[in-house]
Structure formats: structure tokens, C-alpha cells
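Comments concern the structure below.
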Amino acid sequence: MSMHYFANPTRFTRLAGRIQPWAGGLSAVLLAVGLYLALVAAPADYQQGDTVRIMFVHVPSAWMAMFCYSFLAVASAVALIWKHPLADLAAKASAPIGAGFTFLALVTGSLWGKPMWGTWWVWDARLTSVLILLFLYLGYMALWQAIEDSQKAAKAAAVLALVGAVNVPIIKFSVDWWNTLHQPASVLRMDGPAIHPSMLWPLLIMALAFQAYFVALLLARIRMELNLRRIRALRLAERAS
């Protein structure tokens with residue numbers, strides 16, 4: 001099925017209306033299961049104690065921060081290259097969600113870092129690149145607000161998104177390229193996860209819960225943007241008549 005099949009706003013809105021409640025319900029169920037496993041069933045770490053439970057929110061938030069920006073960049077590329085009418089709206093709708101996940105990753109990382117490192121913040125490669133990611137999200141959203149012409153705003157924001165995409169692999173591989181306080185990857189490894197299944201499963205379930213939440217919220221925000229576009233078109237038509 002061609003991606004232009006969903007270029008029709010009415011067709012997209014109809015499909016999104018069907019998917020959104022299922023995605024929201026799945027997110028709620030997975031979140032409840034994941035939190036139970038993370039806070040009750042999972043054992044405390046032999047070194048970090050119960051402090052390690054912050055991981056079950058921090059790590060999925062960090063994954064989603066990078067995923068959301070990757071989605072934003074791909075949607076921006078689709079808008080620039082193929083002029084898909086909903087790609088700009090999808091990118092615009094995903095930015096606040098990604099910014100929220102990035103902020104959550106930074107806050108939970110600080111809460112985790114204080115007892116482990118003895119400080120709330122260090123200017124190492126991983127933390128600094130994630131902070132830059134937050135600024136990229138904020139800059140992207142600011143461009144949409146600063147430029148009145150929606151087409152010019154979409155193009156300028158898309159260019160910024162594509163330029164900023166270089167930061168995503170920097171975040172991913174920063175612990176391998178530079179010496180940092182941040183621990184190396186323990187789940188997404190070539191030789192398999194280096195984490196016990198009793199902690200791995202809650203982590204993966206929380207990640208799926210956040211993913212389903214992203215889908216539900218993204219569809220809701222795109223539908224909102226489409227409604228706002230219709231309202232603006234009606235107002236312009238009223239002024240012209």
C-alpha cells in the first residue's frame with residue numbers, strides 16, 4: 001500500500017480513530033504490568049539496591065527520546081522529498097512527545113546519577129548529547145511558532161530536523177567513542193543482553209508501553225492538527241466571502 005493512500009485527511013482520521021483507543025488501552029495494560037514487575041517482582045541490584053528501579057523508567061525514556069527524533073527526521077525527509085501532505089503534521093505532532101521523553105530521561109538520569117556518581121550532572125558525552133537533543137526538539141517547535149507562513153515554517157523546521165539527526169548516532173555510540181561515567185549498553189548488544197531476565201523483561205515491557213503511548217498520543221495530536229487546519233481554512237473562507 002502506497003504511503004500516499006493516507007494522504008487523504010478523512011481516510012487517515014478514520015483509521016487513526018480506530019487505532020488510537022487500542023494503542024491507548026495497550027499502553028495502559030503494559031504500563032500496569034511493567035510497573036508491577038519493575039517495582040515489586042524485580043529484585044534489587046546487589047550493588048545499587050532499590051535505586052536501580054529508576055532504570056525501568058529512565059532507559060525506556062531514553063530509547064523513546066531517540067526513536068521520536070528519528071521518526072521526526074524521517075517524516076521531515078518524506079515531507080521535503082515527496083511532499084506528503086501529512087508528513088509535516090506527523091513530524092510536528094511528534095516533537096512535543098519526544099521532548100517530553102527526553103526531559104523525563106534527563107530527570108530520571110539525574111535522580112539515578114546522584115546516589116551512583118555523587119552528583120546530579122556531569123558534562124560527559126552521553127548526557128551532553130541528550131541535552132542537545134532536548135534543545136533540538138525545543139528549537140524545532142520554536143521554528144513552527146516563529147514563522148507565520150505554515151509552509152515556510154514546515155520547510156525550515158524539516159531542515160533543522162534533518163541537520164539535528166546527526167546527534168542520534170552520537171547519543172547511541174557516545175559511550176563507545178569516548179570515556180564517560182555513563183555505563184555502556186547492556187541490552188542492545190551484538191553478543192546479546194548483559195542483564196538478567198528478571199530485570200530485562202520489565203524493562204522491555206515498559207519500553208513497549210511507552211511505544212504504544214507514543215502511537216496513541218501521536219495519532220491524537222495529528223487529528224488535532226488536522227482539525228485546526230480545517231478551522232483555519234473555514235475562517236479564511238469566511239473572511240473572503
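Residue numbers start at 1 in each chain; chains themselves are named A, B, ... in the order of the C-alpha cells; ligands are numbered from 1 in the order shown.
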**Request:** Name all residues at most 8 Å from Leu208 in chain A (count only C-alpha atoms; drop same-chain ones fewer than 3 positions away) and give them as an MDAnalysis selection string.
**Result:** chainID A and resid 27 30 204:205 211:212
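For Leu143 in chain A, the residues within 8 Å (counting only C-alpha atoms, excluding itself and residues fewer than 5 positions away along the chain) are Ala153, Ala156 and Ala157 of chain A.
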With C-alpha atoms kept, could you save the residues just selected as a PDB file, in the first residue's frame?
ATOM      1  CA  ALA A 153       7.714  27.014   8.858  1.00  0.00           C
ATOM      2  CA  ALA A 156      12.606  25.416   7.929  1.00  0.00           C
ATOM      3  CA  ALA A 157      11.708  23.010  10.743  1.00  0.00           C
TER       4      ALA A 157
END
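Shell of Pro197 in chain A at 10 Å, with only C-alpha atoms counted and residues fewer than 5 places along the chain excluded, is Ala42, Pro202 and Leu203 of chain A.
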**Asked** In range 8-216 of chain A, what's helix (DSSP H, G or I) per DSSP? Answer as a PyMOL selection string?
**Response** chain A and resi 9-41+50-82+87-117+125-146+150-164+167-177+197-216
**Item:** Polymer residues at most 8 Å from range 93-101 of chain A, only C-alpha atoms, same-chain spacing of 2 or more positions, as JSON, numbers by chain
**Value:** {"A": [61, 62, 64, 65, 66, 68, 69, 71, 72, 89, 90, 91, 103, 104, 105, 134, 137, 138, 140, 141, 214, 217, 218, 221, 222, 225]}
Selected residues, C-alpha atoms, written as a PDB file, in the first residue's frame, please.
ATOM      1  CA  SER A  61      12.526   7.150  28.136  1.00  0.00           C
ATOM      2  CA  ALA A  62      15.998   7.495  26.625  1.00  0.00           C
ATOM      3  CA  MET A  64      11.943   6.817  23.096  1.00  0.00           C
ATOM      4  CA  ALA A  65      13.759  10.164  23.014  1.00  0.00           C
ATOM      5  CA  MET A  66      15.963   8.849  20.203  1.00  0.00           C
ATOM      6  CA  CYS A  68      10.860  10.028  18.431  1.00  0.00           C
ATOM      7  CA  TYR A  69      13.583  12.186  16.906  1.00  0.00           C
ATOM      8  CA  PHE A  71      10.629   9.438  13.462  1.00  0.00           C
ATOM      9  CA  LEU A  72      10.586  13.239  13.272  1.00  0.00           C
ATOM     10  CA  LEU A  89       1.921  17.271  10.575  1.00  0.00           C
ATOM     11  CA  ALA A  90       3.277  13.920  11.768  1.00  0.00           C
ATOM     12  CA  ALA A  91       6.702  15.456  12.411  1.00  0.00           C
ATOM     13  CA  PHE A 103      13.118  15.619  29.613  1.00  0.00           C
ATOM     14  CA  LEU A 104      11.987  12.534  31.537  1.00  0.00           C
ATOM     15  CA  ALA A 105      15.211  10.728  30.594  1.00  0.00           C
ATOM     16  CA  LEU A 134      16.219  18.387  24.070  1.00  0.00           C
ATOM     17  CA  TYR A 137      13.251  19.470  19.978  1.00  0.00           C
ATOM     18  CA  LEU A 138      12.656  22.897  21.512  1.00  0.00           C
ATOM     19  CA  TYR A 140      12.117  22.634  16.117  1.00  0.00           C
ATOM     20  CA  MET A 141       8.932  23.597  17.949  1.00  0.00           C
ATOM     21  CA  PHE A 214       3.619   7.341  21.628  1.00  0.00           C
ATOM     22  CA  LEU A 217      -0.662  10.363  21.530  1.00  0.00           C
ATOM     23  CA  LEU A 218       0.805  10.896  18.058  1.00  0.00           C
ATOM     24  CA  ARG A 221      -2.112  15.140  18.010  1.00  0.00           C
ATOM     25  CA  ILE A 222      -2.237  14.629  14.219  1.00  0.00           C
ATOM     26  CA  GLU A 225      -3.651  19.409  13.866  1.00  0.00           C
TER      27      GLU A 225
END
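Using only C-alpha atoms, the shortest contact distance between Gly25 in chain A and any of A:Leu226, A:Ala87, A:Ile81, A:Ala209 is found at A:Ala209.
Nearest to Met206 in chain A of all the residues A:Gly49, A:Gly139, A:Pro60, A:Pro43 is A:Pro60, based on only C-alpha atoms.
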**Asked** Which one of A:Val52, A:Leu127, A:Leu136, A:Val59 sits closest to Trp112 in chain A if you count only C-alpha atoms?
**Response** A:Val52
**Request:** Grab the CA of Ala161 in chain A to CA of Thr10 in chain A distance for me, in Å with one decimal place.
**Result:** 27.3 Å
**Request:** Quick one: everything within 7 Å of Ala216 in chain A, counting only C-alpha atoms, minus sequence neighbours fewer than 4 positions away in the same chain. Send it as a PyMOL selection string.
**Result:** chain A and resi 20+23-24+212+220
What would the file look like if the residues just selected were written as an mmCIF file, in the first residue's frame with N, CA and C atoms?
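Result file selection22.cif:
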data_model
loop_
_atom_site.group_PDB
_atom_site.id
_atom_site.type_symbol
_atom_site.label_atom_id
_atom_site.label_comp_id
_atom_site.auth_asym_id
_atom_site.auth_seq_id
_atom_site.Cartn_x
_atom_site.Cartn_y
_atom_site.Cartn_z
ATOM 1 N N GLN A 20 -6.272 4.483 17.641
ATOM 2 C CA GLN A 20 -5.910 5.240 18.839
ATOM 3 C C GLN A 20 -6.395 4.618 20.147
ATOM 4 N N ALA A 23 -4.352 1.492 20.916
ATOM 5 C CA ALA A 23 -2.988 1.824 21.329
ATOM 6 C C ALA A 23 -2.977 2.369 22.751
ATOM 7 N N GLY A 24 -3.948 3.209 23.083
ATOM 8 C CA GLY A 24 -4.031 3.745 24.437
ATOM 9 C C GLY A 24 -4.305 2.666 25.463
ATOM 10 N N ALA A 212 3.575 2.215 22.728
ATOM 11 C CA ALA A 212 2.137 2.271 22.472
ATOM 12 C C ALA A 212 1.573 3.634 22.854
ATOM 13 N N ALA A 220 -3.524 11.171 18.176
ATOM 14 C CA ALA A 220 -4.405 12.199 18.737
ATOM 15 C C ALA A 220 -3.935 13.592 18.329
#
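One finds CA of Val168 in chain A at 7.5 Å from CA of Ser70 in chain A.
Using only C-alpha atoms, the shortest contact distance between Ala142 in chain A and any of A:Lys92, A:Leu26, A:Pro169, A:Met116 is found at A:Lys92.
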